[in-house]
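A.B. asks: This structure is in structure tokens; I'll ask about it shortly.
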Amino acid sequence: MARGHCNWLLTPSAMGEVDAAAAASGIDSYGLMEKAGQAVAAAVLRLFPGAERFVVLCGPGNNGGDGYVAARALHETGAPVALFHFGDPATLKGDAATARSRCPIEGAPLDTCRPAPGDVIVDAIFGAGLARAVPPAVADIVQRVDEAGLPVVAVDLPSGIDGRTGVVMGAAFRARHTVTFMTRKPGHLLLPGRMHCGSVETFDIGIPFRLVEAKGERLFVNGPEAWDAAMPQTDAAAHKFRRGHLTVFSGGAAATGAARLAAAAGLRAGAGVVTVASPKEAVAANAAHLTAVMLKAVETESDLADYLHDERRSVFVLGPGFGVGAKARAFVTALAAAGRRLVLDADGITAFAEDPQALFSAFADSVPRLVLTPHEGEFARLFPDLAADPALSKVDRARQAAARANAAVIYKGADSVIAAPDGRALINGNAPPSLATAGSGDVLAGIVGGLLAQGVPAFEAAAAGVWLHGDAAQRAGAGLTAETLINHIDRWH
Ligand SMILES: NC(=O)C1=CN([C@@H]2O[C@H](COP(=O)(O)OP(=O)(O)OC[C@H]3O[C@@H](n4cnc5c(N)ncnc54)[C@H](OP(=O)(O)O)[C@@H]3O)[C@@H](O)[C@H]2O)[C@@H](O)CC1
Ligand SMILES: Nc1ncnc2c1ncn2[C@@H]1O[C@H](COP(=O)(O)OP(=O)(O)O)[C@@H](O)[C@H]1O
Ligand SMILES: [K+]
């Protein structure tokens, strides 16, 4: 799936297994800690050459061990360094004990730490091993550093962030920069963790990548490596019908804009032909605003059956502005029975809130041909048990939802997760906050529909759609609206 390694993600427990495999293969584990700590010191010096004092906070495990190495390396440059430890450092074990024994700085208990202006904080209290909410002494120093507005460089993860879920466990540092090792962890991308990490640097401490790959969990940062090979190629002989036909259902006369946004986005994403299928009462409103996009009156289930006689009408977007109710359910059921591919968004999702299983059963039969695009609220309507389970990360939720629905799921948000029924999952990282604007979800549904129409499989279409949406938003700039966003969608090839 991945050509490079920079898009790999490992959970902390998988990283622990990689660590163990590295040790079992004869790699010197203290050597890894030494490289990790040195990388942290280098980052700190690079980013804060004018610091008056480096304050290194060391925890009771290997994250603390990295801190002792970093403190020694900073001290060796002649910089002023103060060290504070959480817990009794005499109880440190293994590599962390070695790192402490080689560090010439006498530490003091964490509760005696008084951060001062000019300090740069190196946070090595907890990393991958954070197991529960941080204790009061740690919450207290987090608060004091925050109040003093001091810059923090986090080792592996800001202490308090759960690397698997991105959740804040009681309290967490807000780092300016985070240095992590070998691969990023989900908590670096998932909210709120992402907001606590600052810039993230992934440092290769020299574990052979085959060991990382062996523990891989089919989880990556969303990017072209994940879907490039599945994207359509436009050749000189391209004919509009070979580039697929996308149909977007319009809502009633007062709710037509959302469908037109999706339709225009589908065209920009490369669909050869796009039609808005509209209730009769909305045909005039739609006609007044459509040019390249075609228009057809499709009012009843019987109209839809007629419309589906043309097999080229193979891909549909249903939901934006459509209205919640029996008509949405009947149309979706008809599309499923006719073997069509569907992006189900917004009202289309909500229409199944009382009987999600009816939706899942309709698409259970085949290679995934449904893409669901719920935001948080819509997700909870279709998958209330998954949404309410605090043990699940956003990745877990999206994966289980995808398996249950036999659909590619885009669980939207600033940290959209894309998941396939077979367990593949991606976390998106390129979407700017300017996307939080009315209609931007309609544009996303249209892009995904446009890609499906060109024959891209559901998961790849979903993932590429999310990425192209974020990419367009970056070009559209901070003042984007859903309309201007569409003008910045680029075809991939
Ligand atoms: N990956 C790699 O290849 C490499 C990784 N390296 C580094 O190792 C780090 C992982 O080390 P780690 O496993 O020792 O875990 P770490 O984060 O130090 O915490 C564990 C300690 O904290 C304690 N503890 C936990 N939660 C607590 C709480 N709420 N309140 C109080 N205590 C709590 C826990 O105690 P326990 O839960 O057992 O009671 C245990 O003592 C990783 O982040 C990276 O920096 C590098 O050295 C190079 C190679
Ligand atoms: N703060 C944010 N940062 C990045 N992307 C965001 C943010 N908020 C929303 N988005 C993205 O914008 C889109 C909004 O979709 P949706 O919630 O359906 O809104 P609407 O119904 O207004 O179109 C989704 O693709 C979502 O991932
Ligand atoms: K840390």
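Ordering of the structure tokens sets the chain letters (A, B, ...), residue numbers begin anew at 1 in every chain, and ligands are numbered from 1 in the order given.
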Do you know which residues are within 6 Å of ligand 1 using only C-alpha atoms and all ligand atoms? Can you write them as a PyMOL selection string?
C.D. replies: chain A and resi 15-16+19+32-33+36+60-64+66+126-135+155-156
A.B. asks: Step by step, measure atom-to-atom distances between ligand 3 and each residue using only C-alpha atoms and all ligand atoms, keep those at most 9 Å, then write them as a ChimeraX atom specification.
C.D. replies: /A:57-59,63-64,67,122-128,153-161,173,178
A.B. asks: Closest to A:Ala305 among A:Ala254, A:Ala472, A:Ala337, A:Val212, using only C-alpha atoms?
C.D. replies: A:Ala337
A.B. asks: Might you pull out every residue within 8 Å of stretch 341-345 of chain A, with only C-alpha atoms counted and same-chain residues fewer than 4 positions away left off, and present them as a short mmCIF file (atom, residue, chain, number, x, y, z; two decimals) with N, CA and C atoms, in the first residue's frame?
C.D. replies:
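The result, stored in part_0.cif:
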```
data_model
loop_
_atom_site.label_atom_id
_atom_site.label_comp_id
_atom_site.auth_asym_id
_atom_site.auth_seq_id
_atom_site.Cartn_x
_atom_site.Cartn_y
_atom_site.Cartn_z
N SER A 314 -24.63 4.86 -13.32
CA SER A 314 -24.15 3.82 -12.40
C SER A 314 -23.81 4.33 -11.01
N VAL A 315 -23.62 5.64 -10.87
CA VAL A 315 -23.15 6.17 -9.58
C VAL A 315 -24.03 7.34 -9.12
N PHE A 316 -24.33 7.37 -7.84
CA PHE A 316 -25.29 8.34 -7.30
C PHE A 316 -24.78 8.98 -6.01
N VAL A 317 -25.18 10.23 -5.82
CA VAL A 317 -25.02 10.89 -4.51
C VAL A 317 -26.42 11.19 -4.01
N LEU A 318 -26.72 10.72 -2.81
CA LEU A 318 -28.03 11.01 -2.23
C LEU A 318 -27.85 11.54 -0.82
N GLY A 319 -28.49 12.63 -0.53
CA GLY A 319 -28.45 13.14 0.84
C GLY A 319 -28.42 14.65 0.94
N PRO A 320 -27.48 15.32 0.26
CA PRO A 320 -27.40 16.77 0.43
C PRO A 320 -28.73 17.47 0.09
N LEU A 335 -31.76 1.87 -5.42
CA LEU A 335 -30.41 1.95 -5.98
C LEU A 335 -29.59 0.73 -5.60
N ALA A 336 -29.76 0.29 -4.35
CA ALA A 336 -29.02 -0.89 -3.89
C ALA A 336 -29.46 -2.11 -4.69
N ILE A 349 -28.21 9.75 5.28
CA ILE A 349 -27.77 8.97 6.43
C ILE A 349 -28.82 9.03 7.53
N ARG A 369 -19.86 -1.03 -2.37
CA ARG A 369 -20.26 -0.03 -3.38
C ARG A 369 -21.02 1.12 -2.74
N LEU A 370 -20.90 1.19 -1.42
CA LEU A 370 -21.52 2.29 -0.67
C LEU A 370 -20.40 3.08 0.01
N VAL A 371 -20.49 4.41 -0.08
CA VAL A 371 -19.60 5.28 0.70
C VAL A 371 -20.49 6.09 1.64
N LEU A 372 -20.22 5.98 2.93
CA LEU A 372 -20.96 6.76 3.93
C LEU A 372 -20.08 7.92 4.38
N THR A 373 -20.66 9.10 4.51
CA THR A 373 -19.87 10.29 4.86
C THR A 373 -20.42 11.00 6.08
N PRO A 374 -20.53 10.30 7.21
CA PRO A 374 -21.13 10.95 8.39
C PRO A 374 -20.18 11.92 9.09
N ASP A 442 -21.07 18.84 1.21
CA ASP A 442 -21.73 18.53 -0.07
C ASP A 442 -20.68 18.42 -1.18
N ALA A 445 -18.92 15.08 -0.88
CA ALA A 445 -19.75 13.98 -1.41
C ALA A 445 -19.68 13.96 -2.94
N VAL A 448 -16.25 12.57 -4.20
CA VAL A 448 -16.20 11.11 -4.06
C VAL A 448 -17.07 10.46 -5.13
N GLY A 449 -18.25 11.03 -5.36
CA GLY A 449 -19.12 10.50 -6.43
C GLY A 449 -18.44 10.58 -7.79
N LEU A 452 -15.94 7.76 -7.97
CA LEU A 452 -16.63 6.46 -8.15
C LEU A 452 -17.08 6.31 -9.60
#
```
A.B. asks: If you count only C-alpha atoms and all ligand atoms, which residues end up within 6 Å of ligand 2, as number ranges by chain?
C.D. replies: A: 375, 412-414, 416, 431-433, 435-442, 444
A.B. asks: Residues of stretch 176-410 of chain A classed as strand (DSSP E) by DSSP on the backbone are to be reported as a ChimeraX atom specification.
C.D. replies: /A:177-181,199-203,219-221,245-249,273-278,294-297,315-318,341-344,370-372,408-410
A.B. asks: As a ChimeraX atom specification, please: every residue in stretch 307-393 of chain A that a backbone DSSP assignment puts in alpha helix (DSSP H).
C.D. replies: /A:307,326-337,346-350,356-362,376-382,384-388
A.B. asks: Generate a file of the selected residues that holds C-alpha atoms, formatted as a short mmCIF file (atom, residue, chain, number, x, y, z; two decimals), in the first residue's frame.
C.D. replies:
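Contents of result_3.cif, freshly written:
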```cif
data_model
loop_
_atom_site.label_atom_id
_atom_site.label_comp_id
_atom_site.auth_asym_id
_atom_site.auth_seq_id
_atom_site.Cartn_x
_atom_site.Cartn_y
_atom_site.Cartn_z
CA TYR A 307 -34.16 6.42 -14.94
CA ALA A 326 -39.49 7.44 3.49
CA LYS A 327 -38.60 8.73 0.04
CA ALA A 328 -34.89 8.75 0.89
CA ARG A 329 -35.12 5.17 2.20
CA ALA A 330 -37.08 3.98 -0.84
CA PHE A 331 -34.64 5.58 -3.30
CA VAL A 332 -31.61 4.12 -1.51
CA THR A 333 -33.21 0.67 -1.45
CA ALA A 334 -33.97 0.89 -5.18
CA LEU A 335 -30.41 1.95 -5.98
CA ALA A 336 -29.02 -0.89 -3.89
CA ALA A 337 -31.30 -3.45 -5.55
CA ALA A 346 -26.34 14.10 5.25
CA ASP A 347 -30.14 13.55 5.13
CA GLY A 348 -29.60 10.24 3.36
CA ILE A 349 -27.77 8.97 6.43
CA THR A 350 -30.22 10.44 8.92
CA PRO A 356 -29.66 1.32 10.23
CA GLN A 357 -29.71 -2.42 9.60
CA ALA A 358 -32.04 -1.90 6.63
CA LEU A 359 -29.31 0.16 5.00
CA PHE A 360 -26.53 -2.27 5.86
CA SER A 361 -28.51 -5.26 4.58
CA ALA A 362 -29.24 -3.53 1.28
CA GLU A 376 -19.97 13.19 14.31
CA GLY A 377 -23.74 13.65 14.77
CA GLU A 378 -24.68 11.53 11.76
CA PHE A 379 -22.26 8.81 12.81
CA ALA A 380 -24.00 8.54 16.18
CA ARG A 381 -27.35 8.12 14.42
CA LEU A 382 -26.22 5.10 12.40
CA PRO A 384 -25.00 4.71 18.40
CA ASP A 385 -23.20 1.91 20.26
CA LEU A 386 -19.85 2.64 18.59
CA ALA A 387 -20.20 6.38 19.17
CA ALA A 388 -20.93 5.84 22.85
#
```
A.B. asks: If I take atom CA of A:Val168 and atom CA of A:Pro109, how far is one from the other in Å, to one decimal?
C.D. replies: 23.8 Å
